[in-house]
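J.: Input data33.cif, format and content: mmCIF, N, CA and C atoms.
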```cif
data_entry
#
loop_
_atom_site.label_atom_id
_atom_site.label_comp_id
_atom_site.auth_asym_id
_atom_site.auth_seq_id
_atom_site.Cartn_x
_atom_site.Cartn_y
_atom_site.Cartn_z
N MET A 1 65.97 -106.22 30.07
CA MET A 1 67.21 -106.13 29.32
C MET A 1 67.09 -106.85 27.97
N LYS A 2 66.49 -108.05 27.97
CA LYS A 2 66.31 -108.78 26.72
C LYS A 2 65.43 -108.00 25.75
N HIS A 3 64.40 -107.36 26.30
CA HIS A 3 63.47 -106.58 25.49
C HIS A 3 64.21 -105.42 24.81
N MET A 4 65.11 -104.77 25.53
CA MET A 4 65.87 -103.65 24.98
C MET A 4 66.81 -104.12 23.88
N LYS A 5 67.42 -105.31 24.03
CA LYS A 5 68.30 -105.85 23.00
C LYS A 5 67.52 -106.12 21.72
N LYS A 6 66.29 -106.64 21.84
CA LYS A 6 65.47 -106.91 20.66
C LYS A 6 65.10 -105.61 19.96
N ILE A 7 64.71 -104.59 20.72
CA ILE A 7 64.36 -103.30 20.12
C ILE A 7 65.57 -102.70 19.42
N THR A 8 66.73 -102.76 20.07
CA THR A 8 67.96 -102.25 19.47
C THR A 8 68.29 -103.02 18.20
N GLY A 9 68.13 -104.34 18.25
CA GLY A 9 68.39 -105.16 17.07
C GLY A 9 67.46 -104.83 15.92
N ILE A 10 66.19 -104.64 16.21
CA ILE A 10 65.22 -104.28 15.17
C ILE A 10 65.56 -102.91 14.58
N PHE A 11 65.92 -101.96 15.46
CA PHE A 11 66.28 -100.63 15.00
C PHE A 11 67.50 -100.68 14.08
N LEU A 12 68.55 -101.41 14.49
CA LEU A 12 69.76 -101.50 13.69
C LEU A 12 69.50 -102.20 12.35
N THR A 13 68.69 -103.23 12.36
CA THR A 13 68.34 -103.92 11.12
C THR A 13 67.60 -102.98 10.18
N THR A 14 66.62 -102.25 10.71
CA THR A 14 65.87 -101.30 9.90
C THR A 14 66.79 -100.23 9.33
N LEU A 15 67.69 -99.70 10.14
CA LEU A 15 68.63 -98.69 9.69
C LEU A 15 69.53 -99.24 8.60
N LEU A 16 70.03 -100.45 8.77
CA LEU A 16 70.90 -101.07 7.79
C LEU A 16 70.19 -101.28 6.46
N ILE A 17 68.97 -101.77 6.52
CA ILE A 17 68.20 -101.99 5.29
C ILE A 17 67.89 -100.67 4.61
N ALA A 18 67.48 -99.67 5.37
CA ALA A 18 67.14 -98.37 4.80
C ALA A 18 68.34 -97.72 4.15
N THR A 19 69.49 -97.74 4.80
CA THR A 19 70.66 -97.08 4.23
C THR A 19 71.26 -97.87 3.08
N SER A 20 71.00 -99.15 3.00
CA SER A 20 71.55 -99.92 1.89
C SER A 20 70.81 -99.65 0.60
N SER A 21 69.62 -99.10 0.67
CA SER A 21 68.87 -98.83 -0.55
C SER A 21 68.98 -97.38 -0.99
N ILE A 22 69.78 -96.59 -0.28
CA ILE A 22 69.97 -95.19 -0.65
C ILE A 22 71.28 -95.08 -1.40
N GLY A 23 71.25 -94.52 -2.61
CA GLY A 23 72.47 -94.31 -3.37
C GLY A 23 73.24 -93.12 -2.81
N VAL A 24 74.52 -93.29 -2.60
CA VAL A 24 75.33 -92.19 -2.10
C VAL A 24 76.31 -91.81 -3.20
N PHE A 25 76.26 -90.57 -3.62
CA PHE A 25 77.12 -90.10 -4.68
C PHE A 25 78.12 -89.12 -4.13
N ALA A 26 79.29 -89.16 -4.68
CA ALA A 26 80.34 -88.25 -4.24
C ALA A 26 80.85 -87.46 -5.43
N ALA A 27 79.99 -86.66 -6.02
CA ALA A 27 80.38 -85.86 -7.17
C ALA A 27 80.91 -84.51 -6.70
N ASP A 28 81.97 -84.05 -7.36
CA ASP A 28 82.55 -82.75 -7.03
C ASP A 28 81.70 -81.62 -7.59
N LEU A 29 81.72 -80.49 -6.90
CA LEU A 29 81.07 -79.28 -7.35
C LEU A 29 81.64 -78.90 -8.72
N GLY A 30 80.77 -78.59 -9.66
CA GLY A 30 81.24 -78.15 -10.96
C GLY A 30 80.32 -78.53 -12.10
N ILE A 31 80.86 -78.44 -13.30
CA ILE A 31 80.12 -78.68 -14.53
C ILE A 31 80.67 -79.93 -15.20
N TYR A 32 79.77 -80.85 -15.52
CA TYR A 32 80.12 -82.10 -16.18
C TYR A 32 79.54 -82.08 -17.59
N ILE A 33 80.39 -82.18 -18.59
CA ILE A 33 79.94 -82.17 -19.98
C ILE A 33 80.08 -83.59 -20.52
N GLY A 34 78.96 -84.16 -20.88
CA GLY A 34 78.93 -85.54 -21.36
C GLY A 34 79.06 -85.64 -22.86
N SER A 35 78.24 -86.49 -23.44
CA SER A 35 78.28 -86.79 -24.87
C SER A 35 79.66 -87.37 -25.20
N ASP A 36 80.24 -86.97 -26.31
CA ASP A 36 81.57 -87.46 -26.67
C ASP A 36 82.69 -86.64 -26.03
N ILE A 37 82.35 -85.58 -25.34
CA ILE A 37 83.34 -84.67 -24.78
C ILE A 37 83.87 -85.17 -23.44
N ASN A 38 82.98 -85.56 -22.55
CA ASN A 38 83.34 -86.14 -21.24
C ASN A 38 84.38 -85.31 -20.48
N LYS A 39 84.02 -84.07 -20.16
CA LYS A 39 84.92 -83.18 -19.44
C LYS A 39 84.28 -82.65 -18.18
N TYR A 40 85.11 -82.44 -17.18
CA TYR A 40 84.68 -81.85 -15.91
C TYR A 40 85.38 -80.50 -15.73
N TYR A 41 84.61 -79.49 -15.37
CA TYR A 41 85.15 -78.17 -15.07
C TYR A 41 84.79 -77.80 -13.63
N ASP A 42 85.83 -77.56 -12.79
CA ASP A 42 85.51 -76.91 -11.52
C ASP A 42 85.22 -75.45 -11.90
N LEU A 43 84.61 -74.70 -11.00
CA LEU A 43 84.13 -73.37 -11.37
C LEU A 43 85.26 -72.40 -11.71
N THR A 44 86.40 -72.50 -11.04
CA THR A 44 87.54 -71.63 -11.34
C THR A 44 88.08 -71.91 -12.74
N THR A 45 88.23 -73.18 -13.07
CA THR A 45 88.71 -73.55 -14.40
C THR A 45 87.70 -73.16 -15.47
N PHE A 46 86.41 -73.31 -15.17
CA PHE A 46 85.37 -72.90 -16.12
C PHE A 46 85.52 -71.42 -16.46
N LEU A 47 85.72 -70.60 -15.44
CA LEU A 47 85.85 -69.16 -15.69
C LEU A 47 87.11 -68.81 -16.47
N SER A 48 88.19 -69.53 -16.23
CA SER A 48 89.44 -69.25 -16.94
C SER A 48 89.46 -69.82 -18.36
N LYS A 49 88.62 -70.81 -18.62
CA LYS A 49 88.56 -71.44 -19.96
C LYS A 49 87.15 -71.35 -20.53
N LYS A 50 86.49 -70.23 -20.25
CA LYS A 50 85.07 -70.08 -20.57
C LYS A 50 84.77 -70.28 -22.05
N SER A 51 85.58 -69.75 -22.91
CA SER A 51 85.32 -69.85 -24.35
C SER A 51 85.30 -71.31 -24.81
N THR A 52 86.31 -72.06 -24.42
CA THR A 52 86.38 -73.49 -24.77
C THR A 52 85.23 -74.26 -24.13
N ALA A 53 84.97 -73.98 -22.86
CA ALA A 53 83.90 -74.68 -22.14
C ALA A 53 82.55 -74.43 -22.81
N LEU A 54 82.27 -73.21 -23.19
CA LEU A 54 80.99 -72.90 -23.84
C LEU A 54 80.86 -73.59 -25.19
N GLN A 55 81.95 -73.66 -25.94
CA GLN A 55 81.92 -74.40 -27.21
C GLN A 55 81.61 -75.88 -26.97
N GLU A 56 82.25 -76.45 -25.95
CA GLU A 56 82.01 -77.87 -25.63
C GLU A 56 80.58 -78.09 -25.13
N MET A 57 80.06 -77.16 -24.35
CA MET A 57 78.69 -77.27 -23.87
C MET A 57 77.70 -77.22 -25.03
N ASN A 58 77.93 -76.31 -25.97
CA ASN A 58 77.06 -76.22 -27.15
C ASN A 58 77.13 -77.49 -27.98
N ALA A 59 78.32 -78.04 -28.15
CA ALA A 59 78.49 -79.26 -28.94
C ALA A 59 77.80 -80.45 -28.26
N ALA A 60 77.84 -80.52 -26.94
CA ALA A 60 77.26 -81.64 -26.21
C ALA A 60 75.74 -81.58 -26.18
N GLY A 61 75.16 -80.40 -26.13
CA GLY A 61 73.71 -80.25 -26.06
C GLY A 61 73.23 -80.11 -24.62
N LEU A 62 72.06 -79.51 -24.46
CA LEU A 62 71.52 -79.19 -23.14
C LEU A 62 71.35 -80.41 -22.23
N ASP A 63 70.99 -81.55 -22.81
CA ASP A 63 70.79 -82.77 -22.02
C ASP A 63 72.08 -83.31 -21.42
N ASN A 64 73.20 -82.98 -22.04
CA ASN A 64 74.48 -83.58 -21.66
C ASN A 64 75.38 -82.67 -20.85
N VAL A 65 74.86 -81.55 -20.39
CA VAL A 65 75.63 -80.65 -19.55
C VAL A 65 74.97 -80.63 -18.17
N MET A 66 75.70 -81.08 -17.16
CA MET A 66 75.18 -81.20 -15.81
C MET A 66 75.94 -80.28 -14.87
N TYR A 67 75.22 -79.70 -13.93
CA TYR A 67 75.83 -78.88 -12.89
C TYR A 67 75.57 -79.52 -11.53
N VAL A 68 76.63 -79.70 -10.74
CA VAL A 68 76.52 -80.24 -9.39
C VAL A 68 76.90 -79.13 -8.42
N ASP A 69 76.02 -78.89 -7.43
CA ASP A 69 76.28 -77.82 -6.47
C ASP A 69 76.98 -78.34 -5.22
N SER A 70 77.23 -77.45 -4.28
CA SER A 70 77.95 -77.80 -3.06
C SER A 70 77.15 -78.70 -2.13
N LYS A 71 75.83 -78.82 -2.37
CA LYS A 71 74.99 -79.70 -1.56
C LYS A 71 74.80 -81.06 -2.22
N ASN A 72 75.60 -81.31 -3.27
CA ASN A 72 75.54 -82.56 -4.03
C ASN A 72 74.19 -82.74 -4.72
N LYS A 73 73.61 -81.64 -5.17
CA LYS A 73 72.39 -81.65 -5.98
C LYS A 73 72.81 -81.43 -7.43
N ILE A 74 71.97 -81.84 -8.35
CA ILE A 74 72.33 -81.80 -9.77
C ILE A 74 71.20 -81.25 -10.61
N THR A 75 71.54 -80.69 -11.75
CA THR A 75 70.57 -80.34 -12.78
C THR A 75 71.27 -80.35 -14.13
N SER A 76 70.53 -80.63 -15.16
CA SER A 76 71.06 -80.48 -16.52
C SER A 76 70.66 -79.09 -17.01
N LEU A 77 71.33 -78.62 -18.05
CA LEU A 77 70.94 -77.32 -18.60
C LEU A 77 69.51 -77.38 -19.16
N LYS A 78 69.12 -78.52 -19.68
CA LYS A 78 67.75 -78.67 -20.19
C LYS A 78 66.74 -78.51 -19.05
N GLU A 79 67.02 -79.17 -17.90
CA GLU A 79 66.13 -79.04 -16.74
C GLU A 79 66.09 -77.60 -16.24
N LEU A 80 67.23 -76.94 -16.25
CA LEU A 80 67.32 -75.56 -15.80
C LEU A 80 66.46 -74.65 -16.67
N VAL A 81 66.53 -74.83 -17.97
CA VAL A 81 65.72 -74.02 -18.89
C VAL A 81 64.24 -74.29 -18.67
N SER A 82 63.87 -75.54 -18.53
CA SER A 82 62.44 -75.87 -18.40
C SER A 82 61.87 -75.46 -17.03
N LYS A 83 62.69 -75.48 -15.97
CA LYS A 83 62.20 -75.13 -14.63
C LYS A 83 62.27 -73.63 -14.35
N GLY A 84 63.07 -72.91 -15.11
CA GLY A 84 63.11 -71.46 -15.00
C GLY A 84 64.06 -70.87 -13.98
N SER A 85 64.52 -71.66 -13.01
CA SER A 85 65.50 -71.14 -12.05
C SER A 85 66.33 -72.29 -11.51
N LEU A 86 67.51 -71.94 -11.05
CA LEU A 86 68.42 -72.95 -10.51
C LEU A 86 67.81 -73.62 -9.28
N GLY A 87 67.18 -72.84 -8.42
CA GLY A 87 66.56 -73.40 -7.21
C GLY A 87 65.49 -74.43 -7.52
N ASN A 88 64.70 -74.19 -8.56
CA ASN A 88 63.64 -75.13 -8.94
C ASN A 88 64.19 -76.35 -9.68
N ALA A 89 65.34 -76.20 -10.32
CA ALA A 89 65.87 -77.28 -11.15
C ALA A 89 66.73 -78.28 -10.38
N MET A 90 67.34 -77.86 -9.27
CA MET A 90 68.26 -78.74 -8.55
C MET A 90 67.50 -79.90 -7.90
N ARG A 91 68.10 -81.09 -7.98
CA ARG A 91 67.49 -82.30 -7.42
C ARG A 91 68.60 -83.24 -6.98
N ASP A 92 68.22 -84.32 -6.31
CA ASP A 92 69.20 -85.32 -5.89
C ASP A 92 69.79 -86.01 -7.11
N ILE A 93 71.04 -86.39 -7.01
CA ILE A 93 71.69 -87.15 -8.07
C ILE A 93 71.15 -88.57 -8.05
N LYS A 94 70.89 -89.09 -9.24
CA LYS A 94 70.43 -90.48 -9.33
C LYS A 94 71.31 -91.24 -10.32
N THR A 95 71.24 -92.54 -10.23
CA THR A 95 72.02 -93.39 -11.11
C THR A 95 71.75 -93.02 -12.56
N GLY A 96 72.82 -92.86 -13.32
CA GLY A 96 72.70 -92.54 -14.74
C GLY A 96 72.84 -91.06 -15.05
N ASP A 97 72.80 -90.21 -14.03
CA ASP A 97 72.96 -88.77 -14.28
C ASP A 97 74.36 -88.44 -14.78
N LEU A 98 75.36 -89.10 -14.22
CA LEU A 98 76.75 -88.83 -14.58
C LEU A 98 77.41 -90.08 -15.11
N LYS A 99 78.34 -89.90 -16.03
CA LYS A 99 79.11 -91.02 -16.56
C LYS A 99 80.16 -91.44 -15.55
N SER A 100 80.82 -92.53 -15.82
CA SER A 100 81.78 -93.05 -14.85
C SER A 100 83.07 -92.25 -14.79
N THR A 101 83.52 -91.68 -15.91
CA THR A 101 84.79 -90.96 -15.91
C THR A 101 84.72 -89.75 -16.83
N TYR A 102 85.30 -88.66 -16.34
CA TYR A 102 85.43 -87.42 -17.11
C TYR A 102 86.89 -86.99 -17.05
N LYS A 103 87.32 -86.24 -18.05
CA LYS A 103 88.66 -85.63 -18.03
C LYS A 103 88.54 -84.28 -17.36
N ASN A 104 89.42 -84.01 -16.42
CA ASN A 104 89.44 -82.74 -15.73
C ASN A 104 90.03 -81.69 -16.68
N ALA A 105 89.28 -80.63 -16.94
CA ALA A 105 89.74 -79.57 -17.85
C ALA A 105 90.95 -78.83 -17.29
N LYS A 106 91.14 -78.89 -16.00
CA LYS A 106 92.25 -78.18 -15.35
C LYS A 106 93.59 -78.85 -15.62
N ASP A 107 93.66 -80.18 -15.44
CA ASP A 107 94.95 -80.86 -15.54
C ASP A 107 94.90 -82.17 -16.33
N ASN A 108 93.77 -82.43 -16.97
CA ASN A 108 93.59 -83.62 -17.81
C ASN A 108 93.60 -84.93 -17.02
N SER A 109 93.50 -84.87 -15.71
CA SER A 109 93.41 -86.09 -14.90
C SER A 109 91.99 -86.65 -15.00
N ASN A 110 91.81 -87.88 -14.55
CA ASN A 110 90.48 -88.48 -14.56
C ASN A 110 89.69 -88.06 -13.34
N VAL A 111 88.42 -87.75 -13.55
CA VAL A 111 87.48 -87.45 -12.47
C VAL A 111 86.42 -88.52 -12.52
N ASN A 112 86.21 -89.19 -11.39
CA ASN A 112 85.23 -90.26 -11.32
C ASN A 112 84.13 -89.88 -10.33
N PRO A 113 83.04 -89.25 -10.82
CA PRO A 113 82.00 -88.79 -9.90
C PRO A 113 81.22 -89.91 -9.23
N SER A 114 81.30 -91.12 -9.75
CA SER A 114 80.53 -92.20 -9.15
C SER A 114 81.29 -92.91 -8.04
N GLU A 115 82.54 -92.51 -7.75
CA GLU A 115 83.24 -93.12 -6.62
C GLU A 115 82.46 -92.80 -5.36
N GLY A 116 82.31 -93.77 -4.52
CA GLY A 116 81.53 -93.58 -3.30
C GLY A 116 80.07 -93.91 -3.52
N GLN A 117 79.71 -94.24 -4.75
CA GLN A 117 78.33 -94.59 -5.03
C GLN A 117 78.03 -95.95 -4.43
N ASN A 118 76.93 -96.04 -3.73
CA ASN A 118 76.52 -97.31 -3.13
C ASN A 118 75.96 -98.18 -4.24
N THR A 119 76.59 -99.33 -4.46
CA THR A 119 76.13 -100.22 -5.52
C THR A 119 75.00 -101.12 -5.07
N GLN A 120 74.55 -100.95 -3.85
CA GLN A 120 73.43 -101.71 -3.30
C GLN A 120 73.66 -103.22 -3.39
N ASP A 121 74.88 -103.62 -3.02
CA ASP A 121 75.20 -105.04 -3.00
C ASP A 121 74.29 -105.76 -2.02
N GLU A 122 74.02 -107.02 -2.31
CA GLU A 122 73.21 -107.80 -1.39
C GLU A 122 74.01 -108.09 -0.14
N PHE A 123 73.31 -108.17 0.96
CA PHE A 123 73.97 -108.50 2.20
C PHE A 123 73.09 -109.46 2.97
N LYS A 124 73.69 -110.16 3.90
CA LYS A 124 72.96 -111.13 4.70
C LYS A 124 73.26 -110.87 6.16
N VAL A 125 72.22 -110.79 6.95
CA VAL A 125 72.36 -110.60 8.38
C VAL A 125 72.22 -111.98 9.03
N ASP A 126 73.33 -112.49 9.58
CA ASP A 126 73.30 -113.80 10.22
C ASP A 126 72.72 -113.72 11.62
N ASP A 127 73.18 -112.74 12.37
CA ASP A 127 72.73 -112.64 13.75
C ASP A 127 72.92 -111.20 14.21
N ILE A 128 71.92 -110.68 14.86
CA ILE A 128 71.98 -109.31 15.33
C ILE A 128 72.47 -109.24 16.76
N LEU A 129 72.03 -110.14 17.56
CA LEU A 129 72.37 -110.10 18.99
C LEU A 129 73.37 -111.15 19.34
#
```
I need this file expressed as structure tokens, please.
T.:
Amino acid sequence: MKHMKKITGIFLTTLLIATSSIGVFAADLGIYIGSDINKYYDLTTFLSKKSTALQEMNAAGLDNVMYVDSKNKITSLKELVSKGSLGNAMRDIKTGDLKSTYKNAKDNSNVNPSEGQNTQDEFKVDDIL
């Protein structure tokens, strides 16, 4: 029984350490336009405001336009052009890919894609068992 408690403790400690070093992002599906524009378009709003969105995308530049898919993967338009296809360009979101706040093109509310992001705070394990 003591042996099982130690193994369980080691497993839980390993799991805790491993998950604390993984960044978790909660970005919504859609298009994020950075630079000085800082706007978020869900896909429905993008289609209804396509002309304005395309002007903003051109003004921001390929590096500053990001697409987040339903699997929480991301690519910039620059990456998409260089990789040749959406499937090849999509990757995990990493720190710095998205700014802290965007204006929602639909209703002008704030969109914060970094909410839910693990800040990797230090923690201390006093006792496992």
J.: Hey, can you check how far atom C of Thr95 of chain A sits from atom CA of Asp107 of chain A?
T.: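 Result for atom C of Thr95 of chain A versus atom CA of Asp107 of chain A: 26.4 Å, one decimal.
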J.: What's the separation between atom CA of Arg91 of chain A and atom CA of Asn108 of chain A, in Å to one decimal place?
T.: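 These atoms are spaced 28.1 Å apart.
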J.: Which is closest to Lys73 of chain A among A:Thr45, A:Asp92, A:Gly61, A:Ser85, if we use only N, CA and C atoms?
T.: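 Looking at the shortest contact to Lys73 of chain A, the residue is A:Asp92.
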J.: Within 8 Å of (73.5, -76.3, -12.0), all atoms listed in the file: residues as number ranges by chain?
T.: A: 30-31, 65-69, 73-77, 80, 86, 89-90
J.: Hey, which of A:Asn88, A:Asn110, A:Asn38, A:Ser100 ends up closest to Ala60 of chain A? Count all atoms listed in the file.
T.: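 Of A:Asn88, A:Asn110, A:Asn38, A:Ser100, the one nearest Ala60 of chain A is A:Asn38, counting all atoms listed in the file.
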J.: Got a sec: who's within 12 Å of Ala59 of chain A, counting only C-alpha atoms, leaving out chain neighbours fewer than 2 positions off, as a list of chain:residue names?
T.: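 Here the answer would be A:Ile33, A:Gly34, A:Ser35, A:Asp36, A:Ile37, A:Asn38, A:Thr52, A:Ala53, A:Leu54, A:Gln55, A:Glu56, A:Met57, A:Gly61, A:Leu62, A:Asp63, A:Asn64, A:Val65.
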J.: Go ahead and dump the residues you just picked, N, CA and C atoms, as a compact mmCIF listing (two decimals), in the frame of the given file.
T.:
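Done, and the output landed in out_30.txt:
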```txt
# COMPACT_ATOMS: atom_id res chain seq x y z
N ILE A 33 80.39 -82.18 -18.59
CA ILE A 33 79.94 -82.17 -19.98
C ILE A 33 80.08 -83.59 -20.52
N GLY A 34 78.96 -84.16 -20.88
CA GLY A 34 78.93 -85.54 -21.36
C GLY A 34 79.06 -85.64 -22.86
N SER A 35 78.24 -86.49 -23.44
CA SER A 35 78.28 -86.79 -24.87
C SER A 35 79.66 -87.37 -25.20
N ASP A 36 80.24 -86.97 -26.31
CA ASP A 36 81.57 -87.46 -26.67
C ASP A 36 82.69 -86.64 -26.03
N ILE A 37 82.35 -85.58 -25.34
CA ILE A 37 83.34 -84.67 -24.78
C ILE A 37 83.87 -85.17 -23.44
N ASN A 38 82.98 -85.56 -22.55
CA ASN A 38 83.34 -86.14 -21.24
C ASN A 38 84.38 -85.31 -20.48
N THR A 52 86.31 -72.06 -24.42
CA THR A 52 86.38 -73.49 -24.77
C THR A 52 85.23 -74.26 -24.13
N ALA A 53 84.97 -73.98 -22.86
CA ALA A 53 83.90 -74.68 -22.14
C ALA A 53 82.55 -74.43 -22.81
N LEU A 54 82.27 -73.21 -23.19
CA LEU A 54 80.99 -72.90 -23.84
C LEU A 54 80.86 -73.59 -25.19
N GLN A 55 81.95 -73.66 -25.94
CA GLN A 55 81.92 -74.40 -27.21
C GLN A 55 81.61 -75.88 -26.97
N GLU A 56 82.25 -76.45 -25.95
CA GLU A 56 82.01 -77.87 -25.63
C GLU A 56 80.58 -78.09 -25.13
N MET A 57 80.06 -77.16 -24.35
CA MET A 57 78.69 -77.27 -23.87
C MET A 57 77.70 -77.22 -25.03
N GLY A 61 75.16 -80.40 -26.13
CA GLY A 61 73.71 -80.25 -26.06
C GLY A 61 73.23 -80.11 -24.62
N LEU A 62 72.06 -79.51 -24.46
CA LEU A 62 71.52 -79.19 -23.14
C LEU A 62 71.35 -80.41 -22.23
N ASP A 63 70.99 -81.55 -22.81
CA ASP A 63 70.79 -82.77 -22.02
C ASP A 63 72.08 -83.31 -21.42
N ASN A 64 73.20 -82.98 -22.04
CA ASN A 64 74.48 -83.58 -21.66
C ASN A 64 75.38 -82.67 -20.85
N VAL A 65 74.86 -81.55 -20.39
CA VAL A 65 75.63 -80.65 -19.55
C VAL A 65 74.97 -80.63 -18.17
```
J.: What separation in Å, quoted to one decimal, exists between atom CA of Asn58 of chain A and atom C of Asn72 of chain A?
T.: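 Between these atoms lies a distance of 23.5 Å.
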